[in-house]
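What follows is the content of upload_37.cif (mmCIF, C-alpha atoms and all ligand atoms).
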data_my_file
#
loop_
_atom_site.group_PDB
_atom_site.id
_atom_site.type_symbol
_atom_site.label_atom_id
_atom_site.label_comp_id
_atom_site.auth_asym_id
_atom_site.auth_seq_id
_atom_site.Cartn_x
_atom_site.Cartn_y
_atom_site.Cartn_z
ATOM 1 C CA MET A 1 25.541 -7.287 17.630
ATOM 2 C CA ALA A 2 21.895 -6.347 17.179
ATOM 3 C CA SER A 3 19.698 -9.195 15.904
ATOM 4 C CA LEU A 4 17.287 -8.756 13.026
ATOM 5 C CA LEU A 5 14.470 -8.880 15.557
ATOM 6 C CA ASP A 6 15.990 -5.863 17.362
ATOM 7 C CA LEU A 7 16.211 -3.926 14.095
ATOM 8 C CA THR A 8 12.761 -4.721 12.724
ATOM 9 C CA SER A 9 9.164 -5.388 13.631
ATOM 10 C CA GLN A 10 8.889 -9.190 13.658
ATOM 11 C CA GLY A 11 11.868 -9.676 11.348
ATOM 12 C CA ASP A 12 10.088 -7.852 8.500
ATOM 13 C CA VAL A 13 12.818 -5.994 6.601
ATOM 14 C CA ALA A 14 10.342 -3.371 5.355
ATOM 15 C CA THR A 15 10.460 -1.901 8.872
ATOM 16 C CA ILE A 16 14.271 -1.604 8.951
ATOM 17 C CA SER A 17 15.398 1.995 9.254
ATOM 18 C CA ASP A 18 18.909 1.651 7.793
ATOM 19 C CA ASP A 19 18.894 0.908 4.036
ATOM 20 C CA ALA A 20 22.528 -0.268 4.236
ATOM 21 C CA TYR A 21 21.281 -3.633 5.544
ATOM 22 C CA LEU A 22 19.053 -4.245 2.538
ATOM 23 C CA ASN A 23 20.767 -6.766 0.273
ATOM 24 C CA ARG A 24 20.643 -10.478 -0.527
ATOM 25 C CA SER A 25 23.296 -11.335 2.060
ATOM 26 C CA LEU A 26 21.100 -10.136 4.952
ATOM 27 C CA LYS A 27 20.461 -13.169 7.159
ATOM 28 C CA LEU A 28 16.729 -13.417 7.798
ATOM 29 C CA MET A 29 14.839 -15.118 10.608
ATOM 30 C CA ASP A 30 14.129 -18.714 9.591
ATOM 31 C CA PRO A 31 10.850 -20.630 10.095
ATOM 32 C CA GLN A 32 12.007 -22.131 13.427
ATOM 33 C CA GLN A 33 12.801 -18.675 14.833
ATOM 34 C CA LEU A 34 9.510 -17.302 13.504
ATOM 35 C CA TYR A 35 7.634 -20.240 15.037
ATOM 36 C CA GLU A 36 9.243 -19.551 18.441
ATOM 37 C CA LEU A 37 8.377 -15.856 18.104
ATOM 38 C CA TRP A 38 4.743 -16.857 17.454
ATOM 39 C CA GLU A 39 4.676 -18.908 20.677
ATOM 40 C CA ARG A 40 5.639 -15.781 22.618
ATOM 41 C CA GLN A 41 2.949 -13.633 21.012
ATOM 42 C CA GLN A 42 -0.441 -15.177 21.681
ATOM 43 C CA TRP A 43 -3.547 -13.010 21.990
ATOM 44 C CA GLN A 44 -7.272 -13.646 22.242
ATOM 45 C CA SER A 45 -9.659 -12.202 19.687
ATOM 46 C CA GLN A 46 -12.599 -12.867 22.043
ATOM 47 C CA ALA A 47 -11.057 -11.178 25.106
ATOM 48 C CA ILE A 48 -10.425 -7.609 23.863
ATOM 49 C CA ASP A 49 -12.616 -5.066 25.664
ATOM 50 C CA LEU A 50 -15.100 -3.546 23.173
ATOM 51 C CA GLU A 51 -17.331 -1.591 25.583
ATOM 52 C CA ARG A 52 -15.894 1.854 24.741
ATOM 53 C CA ASP A 53 -16.131 1.000 21.030
ATOM 54 C CA LYS A 54 -19.851 0.226 21.383
ATOM 55 C CA GLU A 55 -20.475 3.640 22.971
ATOM 56 C CA GLN A 56 -18.423 5.469 20.351
ATOM 57 C CA TRP A 57 -20.052 3.535 17.498
ATOM 58 C CA ALA A 58 -23.547 4.411 18.713
ATOM 59 C CA ALA A 59 -22.608 8.121 18.665
ATOM 60 C CA LEU A 60 -21.378 8.113 15.020
ATOM 61 C CA SER A 61 -23.570 9.458 12.196
ATOM 62 C CA ASP A 62 -24.912 7.004 9.597
ATOM 63 C CA GLU A 63 -22.504 8.465 7.068
ATOM 64 C CA GLU A 64 -19.496 7.968 9.381
ATOM 65 C CA LYS A 65 -20.591 4.405 10.108
ATOM 66 C CA GLU A 66 -20.755 3.697 6.367
ATOM 67 C CA GLU A 67 -17.200 5.020 5.891
ATOM 68 C CA HIS A 68 -15.756 2.806 8.625
ATOM 69 C CA LEU A 69 -17.719 -0.198 7.390
ATOM 70 C CA TRP A 70 -16.395 0.362 3.887
ATOM 71 C CA GLY A 71 -12.772 0.623 5.032
ATOM 72 C CA LEU A 72 -12.921 -2.438 7.265
ATOM 73 C CA SER A 73 -14.881 -4.735 4.949
ATOM 74 C CA SER A 74 -11.994 -5.624 2.642
ATOM 75 C CA PHE A 75 -10.004 -6.625 5.726
ATOM 76 C CA PHE A 76 -12.784 -8.813 7.173
ATOM 77 C CA VAL A 77 -13.478 -10.611 3.881
ATOM 78 C CA GLY A 78 -9.721 -10.673 3.125
ATOM 79 C CA GLU A 79 -8.949 -12.481 6.399
ATOM 80 C CA GLU A 80 -11.518 -15.164 5.546
ATOM 81 C CA ARG A 81 -9.996 -15.585 2.078
ATOM 82 C CA VAL A 82 -6.407 -15.860 3.319
ATOM 83 C CA THR A 83 -7.444 -18.366 6.017
ATOM 84 C CA THR A 84 -9.218 -20.800 3.715
ATOM 85 C CA GLN A 85 -6.864 -20.399 0.749
ATOM 86 C CA PHE A 86 -3.744 -21.106 2.838
ATOM 87 C CA SER A 87 -4.155 -24.901 3.048
ATOM 88 C CA GLY A 88 -2.160 -25.630 -0.127
ATOM 89 C CA LEU A 89 0.883 -23.853 1.285
ATOM 90 C CA VAL A 90 0.701 -25.837 4.540
ATOM 91 C CA MET A 91 0.749 -29.000 2.398
ATOM 92 C CA ALA A 92 3.822 -27.701 0.552
ATOM 93 C CA TYR A 93 6.200 -27.625 3.561
ATOM 94 C CA GLU A 94 9.768 -28.739 2.868
ATOM 95 C CA ASN A 95 10.770 -29.635 6.431
ATOM 96 C CA GLU A 96 9.135 -29.849 9.855
ATOM 97 C CA GLN A 97 10.295 -26.403 11.009
ATOM 98 C CA GLU A 98 8.568 -24.840 8.003
ATOM 99 C CA GLU A 99 5.509 -27.042 8.576
ATOM 100 C CA ALA A 100 5.283 -25.803 12.177
ATOM 101 C CA PHE A 101 5.514 -22.135 11.155
ATOM 102 C CA LEU A 102 2.971 -22.495 8.330
ATOM 103 C CA THR A 103 0.368 -24.064 10.612
ATOM 104 C CA THR A 104 0.752 -21.101 13.014
ATOM 105 C CA GLN A 105 0.112 -18.701 10.177
ATOM 106 C CA GLN A 106 -3.122 -20.448 9.230
ATOM 107 C CA VAL A 107 -4.272 -20.267 12.869
ATOM 108 C CA ASP A 108 -3.365 -16.559 12.941
ATOM 109 C CA GLU A 109 -5.486 -15.854 9.866
ATOM 110 C CA ALA A 110 -8.459 -17.667 11.433
ATOM 111 C CA ARG A 111 -7.984 -15.581 14.594
ATOM 112 C CA HIS A 112 -7.929 -12.388 12.497
ATOM 113 C CA MET A 113 -11.183 -13.375 10.793
ATOM 114 C CA GLN A 114 -12.684 -14.173 14.206
ATOM 115 C CA PHE A 115 -11.704 -10.752 15.541
ATOM 116 C CA PHE A 116 -13.410 -8.966 12.635
ATOM 117 C CA ASP A 117 -16.427 -11.223 12.909
ATOM 118 C CA ARG A 118 -16.819 -10.477 16.605
ATOM 119 C CA TYR A 119 -16.417 -6.745 15.939
ATOM 120 C CA TYR A 120 -19.054 -6.684 13.198
ATOM 121 C CA ARG A 121 -21.404 -8.675 15.432
ATOM 122 C CA GLU A 122 -20.909 -7.017 18.822
ATOM 123 C CA VAL A 123 -20.030 -3.422 17.927
ATOM 124 C CA MET A 124 -21.584 -2.838 14.519
ATOM 125 C CA GLY A 125 -24.662 -4.938 15.194
ATOM 126 C CA ILE A 126 -24.503 -7.083 12.035
ATOM 127 C CA ASP A 127 -26.006 -9.984 13.926
ATOM 128 C CA HIS A 128 -26.516 -12.935 11.574
ATOM 129 C CA GLU A 129 -25.971 -16.272 13.278
ATOM 130 C CA LEU A 130 -23.200 -17.554 10.986
ATOM 131 C CA ILE A 131 -19.899 -15.975 9.941
ATOM 132 C CA ARG A 132 -20.769 -16.913 6.360
ATOM 133 C CA ASP A 133 -23.942 -14.802 6.390
ATOM 134 C CA ARG A 134 -22.130 -11.815 7.892
ATOM 135 C CA LEU A 135 -19.416 -12.136 5.242
ATOM 136 C CA ALA A 136 -22.062 -12.232 2.505
ATOM 137 C CA TYR A 137 -23.530 -8.989 3.889
ATOM 138 C CA VAL A 138 -20.087 -7.334 4.123
ATOM 139 C CA ARG A 139 -19.152 -8.322 0.572
ATOM 140 C CA LYS A 140 -21.395 -5.555 -0.802
ATOM 141 C CA ASP A 141 -18.515 -3.186 0.023
ATOM 142 C CA VAL A 142 -15.578 -4.897 -1.705
ATOM 143 C CA THR A 143 -14.287 -3.697 -5.092
ATOM 144 C CA ASP A 144 -14.096 -5.598 -8.397
ATOM 145 C CA ALA A 145 -10.299 -5.604 -8.038
ATOM 146 C CA PHE A 146 -10.694 -7.285 -4.643
ATOM 147 C CA VAL A 147 -12.838 -10.050 -6.172
ATOM 148 C CA GLU A 148 -10.336 -10.556 -9.004
ATOM 149 C CA LEU A 149 -7.354 -10.774 -6.634
ATOM 150 C CA PHE A 150 -8.842 -12.774 -3.743
ATOM 151 C CA ASP A 151 -11.476 -14.936 -5.443
ATOM 152 C CA LYS A 152 -9.661 -15.600 -8.704
ATOM 153 C CA HIS A 153 -5.865 -15.236 -8.517
ATOM 154 C CA LEU A 154 -5.389 -16.356 -4.912
ATOM 155 C CA VAL A 155 -7.781 -19.303 -5.283
ATOM 156 C CA GLU A 156 -6.097 -20.442 -8.528
ATOM 157 C CA MET A 157 -2.622 -20.214 -6.977
ATOM 158 C CA GLY A 158 -3.831 -22.249 -3.981
ATOM 159 C CA LYS A 159 -5.373 -24.926 -6.230
ATOM 160 C CA ARG A 160 -2.090 -25.413 -8.098
ATOM 161 C CA LEU A 161 -0.372 -26.166 -4.778
ATOM 162 C CA ILE A 162 -3.130 -28.506 -3.594
ATOM 163 C CA ASP A 163 -2.879 -30.388 -6.924
ATOM 164 C CA ASP A 164 0.895 -30.764 -6.489
ATOM 165 C CA PRO A 165 2.420 -29.585 -3.189
ATOM 166 C CA SER A 166 5.917 -30.447 -4.487
ATOM 167 C CA ASP A 167 5.637 -27.896 -7.349
ATOM 168 C CA ILE A 168 8.228 -25.290 -6.300
ATOM 169 C CA GLU A 169 7.240 -22.859 -9.060
ATOM 170 C CA ALA A 170 3.634 -22.957 -7.834
ATOM 171 C CA LYS A 171 4.889 -22.362 -4.291
ATOM 172 C CA VAL A 172 6.966 -19.351 -5.372
ATOM 173 C CA ASP A 173 3.954 -17.929 -7.255
ATOM 174 C CA PHE A 174 1.725 -18.471 -4.222
ATOM 175 C CA VAL A 175 4.098 -16.818 -1.732
ATOM 176 C CA THR A 176 4.702 -13.896 -4.109
ATOM 177 C CA THR A 177 0.952 -13.369 -4.424
ATOM 178 C CA TYR A 178 0.043 -13.971 -0.803
ATOM 179 C CA HIS A 179 2.981 -12.699 1.266
ATOM 180 C CA MET A 180 4.463 -10.049 -1.008
ATOM 181 C CA VAL A 181 1.401 -8.560 -2.695
ATOM 182 C CA ILE A 182 -1.630 -9.278 -0.487
ATOM 183 C CA GLU A 183 -0.066 -9.116 2.980
ATOM 184 C CA GLY A 184 3.051 -7.034 2.409
ATOM 185 C CA THR A 185 1.896 -4.446 -0.101
ATOM 186 C CA LEU A 186 -1.835 -4.270 0.518
ATOM 187 C CA ALA A 187 -2.775 -5.307 4.070
ATOM 188 C CA LEU A 188 0.181 -3.805 5.929
ATOM 189 C CA THR A 189 -0.227 -0.497 4.064
ATOM 190 C CA GLY A 190 -3.924 -0.206 4.880
ATOM 191 C CA GLN A 191 -3.236 -1.256 8.465
ATOM 192 C CA HIS A 192 -0.491 1.336 8.884
ATOM 193 C CA PHE A 193 -2.705 4.293 7.933
ATOM 194 C CA MET A 194 -5.871 3.008 9.598
ATOM 195 C CA LEU A 195 -4.108 2.259 12.897
ATOM 196 C CA ASP A 196 -2.490 5.679 12.846
ATOM 197 C CA TYR A 197 -5.897 7.290 12.233
ATOM 198 C CA TYR A 198 -7.749 5.411 14.997
ATOM 199 C CA GLU A 199 -4.949 6.049 17.497
ATOM 200 C CA LYS A 200 -4.657 9.772 16.689
ATOM 201 C CA GLU A 201 -8.421 10.273 16.814
ATOM 202 C CA GLU A 202 -8.681 8.126 19.964
ATOM 203 C CA LEU A 203 -11.485 6.315 18.186
ATOM 204 C CA LEU A 204 -12.556 2.655 18.551
ATOM 205 C CA PRO A 205 -9.738 1.665 20.972
ATOM 206 C CA GLY A 206 -10.745 -2.019 21.101
ATOM 207 C CA PHE A 207 -10.590 -2.183 17.338
ATOM 208 C CA ALA A 208 -7.192 -0.485 17.330
ATOM 209 C CA GLU A 209 -5.898 -2.999 19.896
ATOM 210 C CA GLY A 210 -7.044 -6.018 17.869
ATOM 211 C CA PHE A 211 -5.926 -4.512 14.563
ATOM 212 C CA GLY A 212 -2.521 -3.716 16.106
ATOM 213 C CA ASN A 213 -2.151 -7.375 17.100
ATOM 214 C CA ILE A 214 -3.148 -8.383 13.580
ATOM 215 C CA ALA A 215 -0.510 -6.061 12.068
ATOM 216 C CA ARG A 216 2.163 -7.579 14.335
ATOM 217 C CA ASP A 217 1.179 -11.061 13.100
ATOM 218 C CA GLU A 218 1.235 -9.862 9.481
ATOM 219 C CA HIS A 219 4.812 -8.587 9.802
ATOM 220 C CA ARG A 220 5.810 -12.047 11.075
ATOM 221 C CA HIS A 221 4.010 -13.689 8.130
ATOM 222 C CA VAL A 222 5.711 -11.408 5.613
ATOM 223 C CA ALA A 223 9.059 -12.162 7.283
ATOM 224 C CA TYR A 224 8.483 -15.836 6.406
ATOM 225 C CA GLY A 225 7.567 -14.940 2.802
ATOM 226 C CA THR A 226 10.711 -12.838 2.430
ATOM 227 C CA TRP A 227 12.868 -15.638 3.880
ATOM 228 C CA PHE A 228 11.283 -18.216 1.545
ATOM 229 C CA LEU A 229 11.705 -16.095 -1.592
ATOM 230 C CA GLN A 230 15.276 -15.130 -0.658
ATOM 231 C CA GLN A 231 16.124 -18.861 -0.556
ATOM 232 C CA LYS A 232 14.435 -19.709 -3.848
ATOM 233 C CA CYS A 233 15.657 -16.609 -5.677
ATOM 234 C CA ALA A 234 19.252 -17.818 -5.609
ATOM 235 C CA ASP A 235 18.003 -19.200 -8.941
ATOM 236 C CA HIS A 236 17.739 -16.689 -11.814
ATOM 237 C CA ALA A 237 14.576 -18.229 -13.294
ATOM 238 C CA MET A 238 12.844 -17.878 -9.913
ATOM 239 C CA ARG A 239 13.783 -14.194 -9.705
ATOM 240 C CA GLU A 240 12.114 -13.697 -13.078
ATOM 241 C CA ARG A 241 8.989 -15.523 -11.895
ATOM 242 C CA VAL A 242 8.727 -13.267 -8.842
ATOM 243 C CA GLN A 243 9.131 -10.163 -11.024
ATOM 244 C CA ARG A 244 6.467 -11.356 -13.458
ATOM 245 C CA THR A 245 3.929 -12.159 -10.753
ATOM 246 C CA ILE A 246 4.484 -8.828 -9.014
ATOM 247 C CA ALA A 247 4.229 -6.887 -12.289
ATOM 248 C CA GLU A 248 0.982 -8.703 -13.084
ATOM 249 C CA LEU A 249 -0.655 -8.254 -9.692
ATOM 250 C CA LEU A 250 0.403 -4.780 -8.527
ATOM 251 C CA PRO A 251 -2.049 -2.888 -10.773
ATOM 252 C CA LEU A 252 -4.824 -5.120 -9.444
ATOM 253 C CA ALA A 253 -3.701 -4.629 -5.833
ATOM 254 C CA ALA A 254 -3.741 -0.863 -6.405
ATOM 255 C CA GLY A 255 -7.474 -1.102 -7.156
ATOM 256 C CA VAL A 256 -8.474 -3.001 -4.027
ATOM 257 C CA LEU A 257 -8.830 -0.041 -1.648
ATOM 258 C CA VAL A 258 -10.119 2.559 -4.140
ATOM 259 C CA PRO A 259 -13.353 4.100 -2.809
ATOM 260 C CA LYS A 260 -16.573 4.101 -4.834
ATOM 261 C CA GLY A 261 -16.600 6.743 -7.570
ATOM 262 C CA TYR A 262 -12.785 6.805 -7.953
ATOM 263 C CA GLU A 263 -10.332 4.944 -10.155
ATOM 264 C CA VAL A 264 -6.698 3.885 -9.747
ATOM 265 C CA GLY A 265 -4.534 6.988 -10.266
ATOM 266 C CA ASP A 266 -7.180 9.415 -8.936
ATOM 267 C CA GLU A 267 -6.369 11.455 -5.851
ATOM 268 C CA TYR A 268 -8.581 10.460 -2.933
ATOM 269 C CA GLU A 269 -8.363 10.290 0.833
ATOM 270 C CA PHE A 270 -8.019 7.091 2.853
ATOM 271 C CA PHE A 271 -8.373 7.500 6.629
ATOM 272 C CA GLY A 272 -6.965 11.019 6.573
ATOM 273 C CA TYR A 273 -4.096 10.304 4.166
ATOM 274 C CA THR A 274 -3.880 10.853 0.414
ATOM 275 C CA SER A 275 -3.807 8.006 -2.078
ATOM 276 C CA GLN A 276 -0.326 9.255 -3.043
ATOM 277 C CA GLN A 277 0.999 8.823 0.519
ATOM 278 C CA GLN A 278 -0.562 5.371 0.621
ATOM 279 C CA ALA A 279 1.065 4.347 -2.698
ATOM 280 C CA GLU A 280 4.485 5.655 -1.613
ATOM 281 C CA PHE A 281 4.352 3.725 1.651
ATOM 282 C CA ALA A 282 3.361 0.514 -0.158
ATOM 283 C CA TYR A 283 6.068 0.948 -2.790
ATOM 284 C CA SER A 284 8.803 1.629 -0.248
ATOM 285 C CA ALA A 285 7.898 -1.440 1.836
ATOM 286 C CA LEU A 286 7.814 -3.687 -1.229
ATOM 287 C CA SER A 287 11.124 -2.329 -2.553
ATOM 288 C CA ARG A 288 12.891 -3.027 0.738
ATOM 289 C CA ARG A 289 11.725 -6.629 0.812
ATOM 290 C CA LEU A 290 12.600 -7.127 -2.883
ATOM 291 C CA LYS A 291 16.125 -5.820 -2.328
ATOM 292 C CA VAL A 292 16.698 -8.490 0.310
ATOM 293 C CA ILE A 293 15.133 -11.178 -1.905
ATOM 294 C CA GLY A 294 17.434 -10.060 -4.740
ATOM 295 C CA VAL A 295 14.804 -9.113 -7.307
ATOM 296 C CA PRO A 296 15.864 -5.929 -9.156
ATOM 297 C CA LEU A 297 13.647 -2.954 -8.468
ATOM 298 C CA ALA A 298 13.436 -1.620 -12.012
ATOM 299 C CA THR A 299 11.054 -4.291 -13.213
ATOM 300 C CA ALA A 300 8.941 -4.160 -10.111
ATOM 301 C CA SER A 301 8.696 -0.372 -10.270
ATOM 302 C CA ALA A 302 7.655 -0.510 -13.928
ATOM 303 C CA ALA A 303 4.514 -2.345 -12.842
HETATM 304 FE FE FE B 401 -4.328 -11.870 8.582
HETATM 305 FE FE FE B 402 -1.252 -12.872 7.395
#
As structure tokens, please, write out the structure in this file.
Ligand SMILES: [Fe+2]
Ligand SMILES: [Fe+2]
Amino acid sequence: MASLLDLTSQGDVATISDDAYLNRSLKLMDPQQLYELWERQQWQSQAIDLERDKEQWAALSDEEKEEHLWGLSSFFVGEERVTTQFSGLVMAYENEQEEAFLTTQQVDEARHMQFFDRYYREVMGIDHELIRDRLAYVRKDVTDAFVELFDKHLVEMGKRLIDDPSDIEAKVDFVTTYHMVIEGTLALTGQHFMLDYYEKEELLPGFAEGFGNIARDEHRHVAYGTWFLQQKCADHAMRERVQRTIAELLPLAAGVLVPKGYEVGDEYEFFGYTSQQQAEFAYSALSRRLKVIGVPLATASAA
């Protein structure tokens, strides 16, 4: 019989092609299996060849450079946020297999930030000495919704876990925010369309290689989040918590990648695709994961 890993990318049920599998009885990959998968999938952010990217970048117009910088900035700053704000979840492990997986995820997020940092430094020429200074420069491009989600909600959720790592409700809120909304709905959607664009246009191949590795890691992370929430959502009150958090955060998440001059609900283009296509992709991925977790779709879709 085919394993979940054969049917999906990294055990992430949003990538399953047959909807018949999507229910609460679907057996997901557990933290030990996801840890072992991580061991097989190492890559080096500092070793990807960026020479072709440097040539292509130099040939872009100032306006084109601005567009790419804008699109990538939320990802660079986002990777820093999800690295530093992850510590509370590592503290909240319930057994050693989960502890091992969670530490790999924090390392992955640091590697993702390092890849963006190297790219901004070596290809885009933003050459401050410290990552912090480059991040401060890049922050000019993030939206108000980004600040609200990553600097307020995510930080607050992380603090609750650091204050009391045994607080299961805080852990469910954190994983819903981080794995379901930020990684699953937001990052993997942006990555899907951006990767498709760079590959089709044969543009910035080093970036596409690194970003492809990042997307593979993100599917593995979201697979953990789905597994965790499926376990906890055997309890009715937990299902309601997940619904509430998603309903609260989805409108905010929808505002994160809206370009300057537009608002949520406007039609605009994102790397060659319409905002409508982007929203449909995000919604479909979230719905698939929620079906497996056992959270009814109606409430989530009303968000
Ligand atoms: Fe990441
Ligand atoms: Fe991640």
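For the pair atom CA of Asn23 of chain A and atom FE of ligand FE 402 (chain B), the interatomic distance is 23.9 Å.
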Taking the file as shown, find all residues satisfying the PyMOL selection byres (((not hetatm)) within 10 of (chain B and resi 402)) and write them as a short mmCIF file (atom, residue, chain, number, x, y, z; two decimals) with C-alpha atoms, in the frame of the given file.
data_model
loop_
_atom_site.label_atom_id
_atom_site.label_comp_id
_atom_site.auth_asym_id
_atom_site.auth_seq_id
_atom_site.Cartn_x
_atom_site.Cartn_y
_atom_site.Cartn_z
CA GLY A 78 -9.72 -10.67 3.12
CA GLU A 79 -8.95 -12.48 6.40
CA VAL A 82 -6.41 -15.86 3.32
CA THR A 83 -7.44 -18.37 6.02
CA PHE A 86 -3.74 -21.11 2.84
CA GLN A 105 0.11 -18.70 10.18
CA GLN A 106 -3.12 -20.45 9.23
CA VAL A 107 -4.27 -20.27 12.87
CA ASP A 108 -3.36 -16.56 12.94
CA GLU A 109 -5.49 -15.85 9.87
CA ALA A 110 -8.46 -17.67 11.43
CA HIS A 112 -7.93 -12.39 12.50
CA TYR A 178 0.04 -13.97 -0.80
CA HIS A 179 2.98 -12.70 1.27
CA ILE A 182 -1.63 -9.28 -0.49
CA GLU A 183 -0.07 -9.12 2.98
CA GLY A 184 3.05 -7.03 2.41
CA ALA A 187 -2.78 -5.31 4.07
CA LEU A 188 0.18 -3.80 5.93
CA ILE A 214 -3.15 -8.38 13.58
CA ALA A 215 -0.51 -6.06 12.07
CA ARG A 216 2.16 -7.58 14.34
CA ASP A 217 1.18 -11.06 13.10
CA GLU A 218 1.24 -9.86 9.48
CA HIS A 219 4.81 -8.59 9.80
CA ARG A 220 5.81 -12.05 11.08
CA HIS A 221 4.01 -13.69 8.13
CA VAL A 222 5.71 -11.41 5.61
#
So which residues touch Gln97 of chain A within 12 Å, counting only C-alpha atoms, skipping near sequence neighbours fewer than 5 positions away, as a compact mmCIF listing (two decimals) with C-alpha atoms, in the frame of the given file?
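Listing of result-v5.txt after writing:
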# COMPACT_ATOMS: atom_id res chain seq x y z
CA ASP A 30 14.13 -18.71 9.59
CA PRO A 31 10.85 -20.63 10.10
CA GLN A 32 12.01 -22.13 13.43
CA GLN A 33 12.80 -18.68 14.83
CA LEU A 34 9.51 -17.30 13.50
CA TYR A 35 7.63 -20.24 15.04
CA GLU A 36 9.24 -19.55 18.44
CA VAL A 90 0.70 -25.84 4.54
CA LEU A 102 2.97 -22.50 8.33
CA THR A 103 0.37 -24.06 10.61
CA THR A 104 0.75 -21.10 13.01
CA TYR A 224 8.48 -15.84 6.41
Handout entry: Residue members of the PyMOL selection byres (((chain A and resi 94) around 12) and not hetatm) in the file shown, as a PyMOL selection string
Key = chain A and resi 31+89-93+95-102+165-168+171+228
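If you measure from each of A:Tyr119, A:Phe150, A:Phe76, A:Trp57 to Val256 of chain A using all atoms listed in the file, the closest one turns out to be A:Phe150.
Reported to one decimal place, the separation of atom CA of Ser9 of chain A from atom CA of Gly294 of chain A is 20.7 Å.
In this structure, atom CA of Leu229 of chain A sits 6.0 Å away from atom CA of Ile293 of chain A.
When the PyMOL selection byres (((chain A and resi 146) around 8) and not hetatm) is evaluated against the file, it yields A:Ser74, A:Val142, A:Thr143, A:Asp144, A:Ala145, A:Val147, A:Glu148, A:Leu149, A:Phe150, A:Asp151, A:Leu252, A:Ala253, A:Gly255, A:Val256.
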Selection near segment 268-279 of chain A, 9 Å with all atoms listed in the file, sequence-local residues under 2 positions removed, as a PDB file with C-alpha atoms, keeping the file's coordinate frame:
ATOM      1  CA  HIS A  68     -15.756   2.806   8.625  1.00  0.00           C
ATOM      2  CA  GLY A  71     -12.772   0.623   5.032  1.00  0.00           C
ATOM      3  CA  THR A 189      -0.227  -0.497   4.064  1.00  0.00           C
ATOM      4  CA  GLY A 190      -3.924  -0.206   4.880  1.00  0.00           C
ATOM      5  CA  PHE A 193      -2.705   4.293   7.933  1.00  0.00           C
ATOM      6  CA  MET A 194      -5.871   3.008   9.598  1.00  0.00           C
ATOM      7  CA  ASP A 196      -2.490   5.679  12.846  1.00  0.00           C
ATOM      8  CA  TYR A 197      -5.897   7.290  12.233  1.00  0.00           C
ATOM      9  CA  TYR A 198      -7.749   5.411  14.997  1.00  0.00           C
ATOM     10  CA  ALA A 254      -3.741  -0.863  -6.405  1.00  0.00           C
ATOM     11  CA  LEU A 257      -8.830  -0.041  -1.648  1.00  0.00           C
ATOM     12  CA  VAL A 258     -10.119   2.559  -4.140  1.00  0.00           C
ATOM     13  CA  PRO A 259     -13.353   4.100  -2.809  1.00  0.00           C
ATOM     14  CA  TYR A 262     -12.785   6.805  -7.953  1.00  0.00           C
ATOM     15  CA  GLY A 265      -4.534   6.988 -10.266  1.00  0.00           C
ATOM     16  CA  ASP A 266      -7.180   9.415  -8.936  1.00  0.00           C
ATOM     17  CA  PHE A 281       4.352   3.725   1.651  1.00  0.00           C
ATOM     18  CA  ALA A 282       3.361   0.514  -0.158  1.00  0.00           C
ATOM     19  CA  TYR A 283       6.068   0.948  -2.790  1.00  0.00           C
ATOM     20  CA  SER A 284       8.803   1.629  -0.248  1.00  0.00           C
TER      21      SER A 284
END
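Residue nearest Leu22 of chain A, chosen from A:Gln230, A:Asp49, A:Met238, A:Ala247 and counting all atoms listed in the file: A:Gln230.
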Problem - Spatial neighbours of Ala58 of chain A, max dist 9 Å, all atoms listed in the file, sep filter under 3 positions, as an MDAnalysis selection string - result: chainID A and resid 53:55 61 123:124
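Ranking A:Ala2, A:Met113, A:Ala136, A:Leu7 by their shortest atom-to-atom distance to ligand FE 401 (chain B), with only C-alpha atoms and all ligand atoms included, puts A:Met113 first.
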Practice task
Return the single residue from A:Met180, A:Ala223, A:Pro205, A:Asp235 that is closest to Leu290 of chain A, with distances computed using only C-alpha atoms.
Solution key: A:Met180
Asp173 of chain A environment, 8 Å, all atoms listed in the file, sequence neighbours closer than 6 positions dropped, as a compact mmCIF listing (two decimals) with C-alpha atoms, in the coordinates of the input:
# COMPACT_ATOMS: atom_id res chain seq x y z
CA MET A 157 -2.62 -20.21 -6.98
CA ARG A 241 8.99 -15.52 -11.90
CA VAL A 242 8.73 -13.27 -8.84
CA THR A 245 3.93 -12.16 -10.75
Missing atoms in segment 251-257 of chain A: fill them in up to N, CA and C atoms and send the result as a PDB file, in the coordinates of the input.
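Just written: part.pdb:
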ATOM      1  N   PRO A 251      -0.960  -3.776 -10.331  1.00  0.00           N
ATOM      2  CA  PRO A 251      -2.049  -2.888 -10.773  1.00  0.00           C
ATOM      3  C   PRO A 251      -3.397  -3.309 -10.182  1.00  0.00           C
ATOM      4  N   LEU A 252      -3.585  -4.613 -10.029  1.00  0.00           N
ATOM      5  CA  LEU A 252      -4.824  -5.120  -9.444  1.00  0.00           C
ATOM      6  C   LEU A 252      -4.882  -4.749  -7.956  1.00  0.00           C
ATOM      7  N   ALA A 253      -3.763  -4.961  -7.260  1.00  0.00           N
ATOM      8  CA  ALA A 253      -3.701  -4.629  -5.833  1.00  0.00           C
ATOM      9  C   ALA A 253      -3.995  -3.149  -5.620  1.00  0.00           C
ATOM     10  N   ALA A 254      -3.533  -2.312  -6.543  1.00  0.00           N
ATOM     11  CA  ALA A 254      -3.741  -0.863  -6.405  1.00  0.00           C
ATOM     12  C   ALA A 254      -5.225  -0.516  -6.438  1.00  0.00           C
ATOM     13  N   GLY A 255      -6.038  -1.378  -7.046  1.00  0.00           N
ATOM     14  CA  GLY A 255      -7.474  -1.102  -7.156  1.00  0.00           C
ATOM     15  C   GLY A 255      -8.303  -1.594  -5.983  1.00  0.00           C
ATOM     16  N   VAL A 256      -7.687  -2.343  -5.078  1.00  0.00           N
ATOM     17  CA  VAL A 256      -8.474  -3.001  -4.027  1.00  0.00           C
ATOM     18  C   VAL A 256      -9.089  -2.002  -3.038  1.00  0.00           C
ATOM     19  N   LEU A 257      -8.326  -0.975  -2.671  1.00  0.00           N
ATOM     20  CA  LEU A 257      -8.830  -0.041  -1.648  1.00  0.00           C
ATOM     21  C   LEU A 257      -9.277   1.307  -2.243  1.00  0.00           C
TER      22      LEU A 257
END
